[in-house]
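Notes follow once the structure below has been shown.
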Amino acid sequence: MNSQSPNDLDGEVLILRPRPEIANIVLSHPPSRNALGWSMWTQLRAAVEKVGTDDEIRAVIFSGANGVFSSGGDMKSSPARGSGLIAPVARLELAHQVLSMVYGLGKPTVAAVQGFAVGIGWSLVLACDISICANDAFFLAPFADRDMVPDGGSAWLLVQRLGHNRASSLLMLGERLSAVDAAIAGVVNKLVESDEVENEALSCAVALSSKSTDIMRLAKGLMRAAPSLTLDEFLGRELIASALAASREDAEEGRRAFAEGRLGNTPPTAEATS
């Protein structure tokens, strides 16, 4: 992934711009295999805020340096900060803020996973919309082995993606999930060779960036809301989203292009002309 401009943040989190409309946020602390400590979470929060408010950026890639996504939370640094009830887990509170920001980001997000994503590093991958993974990579949530409860929203994210039984094996027994099994389970969107991950993630981000930013934001909102809504509640929200989409200035041209078969591989249909 050839970046045309250097990072905007110095330190453990880099913002690269392989294309003007694409941001690549890179976890970069090779000595710890990109473990997520206080400093990295702080920089990651700033990076997500920056790309989220940059109107030129239409899609965001998350990746790790040196062939590894992340080894999880930094076990060598203290998670405590300040005083009070939450002080012993202040770093987790910060991580929650960042993960929520990534999950709710109004732009398409792509996780590019090489090597492994462990613990809360896996949560960051799960918070993204699409994941491109090396076929020899793996995922691991070793919380129980470390005498910890699952954190980083991993219990919620994995139950949502895999169901209770499979999530139990991963979170309570600490079973390793290979990239191949993750793809079969639907947790990974695409498997490629390790040296192809970055380019494939960029291709995916470029495709996403070519879509309407309004449509991407509305579609993400519907998908994110779906697990907590009844069907009737969801259909109500869908109706509002559809009305907002139809009111856009370029909506009519989009419908015409669809009907005329000018949208990629989409053929014109009877429904499209209604």
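In the structure tokens, chains take letters A, B, ... by order of appearance, with residues numbered from 1 within each chain and ligands from 1 in the order shown.
Neighbouring residues of region 68-79 of chain A at 7 Å or closer, counting only C-alpha atoms and skipping chain neighbours under 5 positions away, are A:Arg33, A:Asn34, A:Ala35, A:Leu36, A:Gly37, A:Ser63, A:Pro88, A:Val89, A:Ala90, A:Arg91, A:Val113, A:Gln114, A:Gly115, A:Phe116, A:Ala117, A:Val118, A:Gly119, A:Ile120, A:Gly121.
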Expected answer as a PyMOL selection string: alpha helix (DSSP H) residues in region 87-198 of chain A: chain A and resi 90-104+120-126+154-162+164-172+179-185+197-198
Same residues, N, CA and C atoms, output as a short mmCIF file (atom, residue, chain, number, x, y, z; two decimals), in the first residue's frame:
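Okay, part-v3.cif is ready:
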```cif
data_model
loop_
_atom_site.label_atom_id
_atom_site.label_comp_id
_atom_site.auth_asym_id
_atom_site.auth_seq_id
_atom_site.Cartn_x
_atom_site.Cartn_y
_atom_site.Cartn_z
N ALA A 90 -9.14 2.60 33.97
CA ALA A 90 -9.28 3.85 33.20
C ALA A 90 -8.89 3.64 31.74
N ARG A 91 -7.89 2.80 31.50
CA ARG A 91 -7.48 2.56 30.12
C ARG A 91 -8.60 1.87 29.33
N LEU A 92 -9.30 0.96 29.98
CA LEU A 92 -10.42 0.28 29.31
C LEU A 92 -11.52 1.28 28.99
N GLU A 93 -11.77 2.22 29.90
CA GLU A 93 -12.78 3.24 29.63
C GLU A 93 -12.41 4.05 28.39
N LEU A 94 -11.13 4.39 28.27
CA LEU A 94 -10.65 5.10 27.08
C LEU A 94 -10.81 4.22 25.84
N ALA A 95 -10.47 2.95 25.97
CA ALA A 95 -10.61 2.03 24.84
C ALA A 95 -12.06 1.93 24.40
N HIS A 96 -12.98 1.91 25.36
CA HIS A 96 -14.40 1.86 25.04
C HIS A 96 -14.81 3.07 24.20
N GLN A 97 -14.30 4.24 24.56
CA GLN A 97 -14.61 5.44 23.79
C GLN A 97 -14.16 5.28 22.34
N VAL A 98 -12.95 4.77 22.16
CA VAL A 98 -12.39 4.64 20.81
C VAL A 98 -13.15 3.58 20.01
N LEU A 99 -13.41 2.44 20.62
CA LEU A 99 -14.12 1.37 19.92
C LEU A 99 -15.51 1.82 19.51
N SER A 100 -16.18 2.57 20.38
CA SER A 100 -17.50 3.09 20.05
C SER A 100 -17.42 4.08 18.89
N MET A 101 -16.36 4.87 18.86
CA MET A 101 -16.16 5.82 17.77
C MET A 101 -15.95 5.08 16.45
N VAL A 102 -15.13 4.04 16.48
CA VAL A 102 -14.87 3.27 15.26
C VAL A 102 -16.14 2.58 14.79
N TYR A 103 -16.86 1.96 15.73
CA TYR A 103 -18.09 1.24 15.39
C TYR A 103 -19.13 2.18 14.80
N GLY A 104 -19.20 3.40 15.30
CA GLY A 104 -20.20 4.35 14.85
C GLY A 104 -19.71 5.34 13.81
N ILE A 120 -8.36 -7.30 22.87
CA ILE A 120 -9.03 -6.06 22.49
C ILE A 120 -8.61 -5.61 21.10
N GLY A 121 -7.48 -6.12 20.61
CA GLY A 121 -7.11 -5.88 19.22
C GLY A 121 -8.10 -6.52 18.27
N TRP A 122 -8.60 -7.69 18.65
CA TRP A 122 -9.64 -8.36 17.86
C TRP A 122 -10.93 -7.55 17.91
N SER A 123 -11.22 -6.95 19.06
CA SER A 123 -12.41 -6.10 19.17
C SER A 123 -12.36 -4.95 18.16
N LEU A 124 -11.18 -4.39 17.96
CA LEU A 124 -11.03 -3.30 17.00
C LEU A 124 -11.34 -3.80 15.59
N VAL A 125 -10.90 -5.00 15.27
CA VAL A 125 -11.23 -5.59 13.96
C VAL A 125 -12.73 -5.78 13.84
N LEU A 126 -13.36 -6.33 14.88
CA LEU A 126 -14.80 -6.60 14.85
C LEU A 126 -15.63 -5.32 14.78
N SER A 154 -15.88 -7.38 23.45
CA SER A 154 -15.71 -8.64 22.71
C SER A 154 -16.86 -9.61 22.92
N ALA A 155 -17.41 -9.67 24.13
CA ALA A 155 -18.53 -10.58 24.37
C ALA A 155 -19.75 -10.17 23.54
N TRP A 156 -20.04 -8.89 23.50
CA TRP A 156 -21.18 -8.40 22.70
C TRP A 156 -20.93 -8.62 21.21
N LEU A 157 -19.74 -8.24 20.75
CA LEU A 157 -19.42 -8.32 19.32
C LEU A 157 -19.43 -9.77 18.83
N LEU A 158 -18.84 -10.67 19.62
CA LEU A 158 -18.76 -12.06 19.18
C LEU A 158 -20.11 -12.77 19.26
N VAL A 159 -20.89 -12.47 20.28
CA VAL A 159 -22.23 -13.06 20.34
C VAL A 159 -23.07 -12.57 19.16
N GLN A 160 -22.94 -11.29 18.83
CA GLN A 160 -23.68 -10.75 17.69
C GLN A 160 -23.26 -11.43 16.39
N ARG A 161 -21.98 -11.68 16.22
CA ARG A 161 -21.47 -12.24 14.97
C ARG A 161 -21.60 -13.75 14.90
N LEU A 162 -21.40 -14.45 16.03
CA LEU A 162 -21.27 -15.90 16.00
C LEU A 162 -22.33 -16.66 16.79
N HIS A 164 -24.18 -17.40 20.80
CA HIS A 164 -23.70 -17.64 22.17
C HIS A 164 -22.74 -18.83 22.25
N ASN A 165 -23.07 -19.95 21.63
CA ASN A 165 -22.27 -21.16 21.79
C ASN A 165 -20.85 -20.98 21.27
N ARG A 166 -20.73 -20.46 20.05
CA ARG A 166 -19.38 -20.29 19.49
C ARG A 166 -18.61 -19.24 20.27
N ALA A 167 -19.28 -18.17 20.67
CA ALA A 167 -18.61 -17.13 21.45
C ALA A 167 -18.12 -17.68 22.78
N SER A 168 -18.87 -18.61 23.37
CA SER A 168 -18.46 -19.21 24.64
C SER A 168 -17.14 -19.94 24.50
N SER A 169 -16.98 -20.69 23.43
CA SER A 169 -15.74 -21.43 23.21
C SER A 169 -14.55 -20.49 23.07
N LEU A 170 -14.78 -19.39 22.41
CA LEU A 170 -13.70 -18.45 22.16
C LEU A 170 -13.35 -17.62 23.40
N LEU A 171 -14.37 -17.23 24.17
CA LEU A 171 -14.15 -16.34 25.30
C LEU A 171 -13.91 -17.06 26.62
N MET A 172 -14.53 -18.23 26.81
CA MET A 172 -14.40 -18.94 28.08
C MET A 172 -13.30 -19.99 28.04
N ALA A 179 -7.92 -17.88 10.57
CA ALA A 179 -8.51 -17.01 9.57
C ALA A 179 -9.48 -17.78 8.69
N VAL A 180 -9.12 -19.01 8.35
CA VAL A 180 -9.98 -19.82 7.50
C VAL A 180 -11.31 -20.09 8.19
N ASP A 181 -11.26 -20.51 9.46
CA ASP A 181 -12.50 -20.76 10.21
C ASP A 181 -13.29 -19.47 10.43
N ALA A 182 -12.58 -18.37 10.60
CA ALA A 182 -13.27 -17.08 10.77
C ALA A 182 -14.02 -16.70 9.51
N ALA A 183 -13.42 -16.99 8.36
CA ALA A 183 -14.09 -16.68 7.10
C ALA A 183 -15.31 -17.58 6.91
N ILE A 184 -15.18 -18.86 7.26
CA ILE A 184 -16.30 -19.79 7.16
C ILE A 184 -17.45 -19.34 8.07
N ALA A 185 -17.09 -18.83 9.24
CA ALA A 185 -18.10 -18.37 10.21
C ALA A 185 -18.68 -17.01 9.85
N VAL A 197 -2.58 -8.52 1.58
CA VAL A 197 -3.60 -7.95 2.46
C VAL A 197 -3.73 -6.44 2.27
N GLU A 198 -2.62 -5.73 2.27
CA GLU A 198 -2.68 -4.27 2.20
C GLU A 198 -3.29 -3.81 0.88
#
```
message: DSSP on the backbone, strand (DSSP E) only: what residues of region 3-247 of chain A does that give? Format it as a ChimeraX atom specification.
response: /A:13-19,22-27,59-64,109-113,116-118,130-134,138-140,177-178,190-192
message: At a cut-off of 9 Å, using only C-alpha atoms, what residues contact Ile130 (chain A)? Leave out same-chain residues fewer than 5 positions from it and give the result as a VMD selection string.
response: chain A and resid 108 to 112 125 187 to 190 204
task: Find the residues near Ile61 (chain A): any atom within 12 Å, counting only C-alpha atoms, skip ones fewer than 2 places away on the same chain, and give them as a PyMOL selection string.
output: chain A and resi 1+14-19+21-27+47-48+51+57-59+63-64+69+102+107-113+124-125+127-132+197-206+208-209
- request: May I ask which of the residues A:Leu222, A:His29, A:Val192, A:Thr42 is the closest one to Gly236 (chain A), counting only C-alpha atoms?
  value: A:Leu222
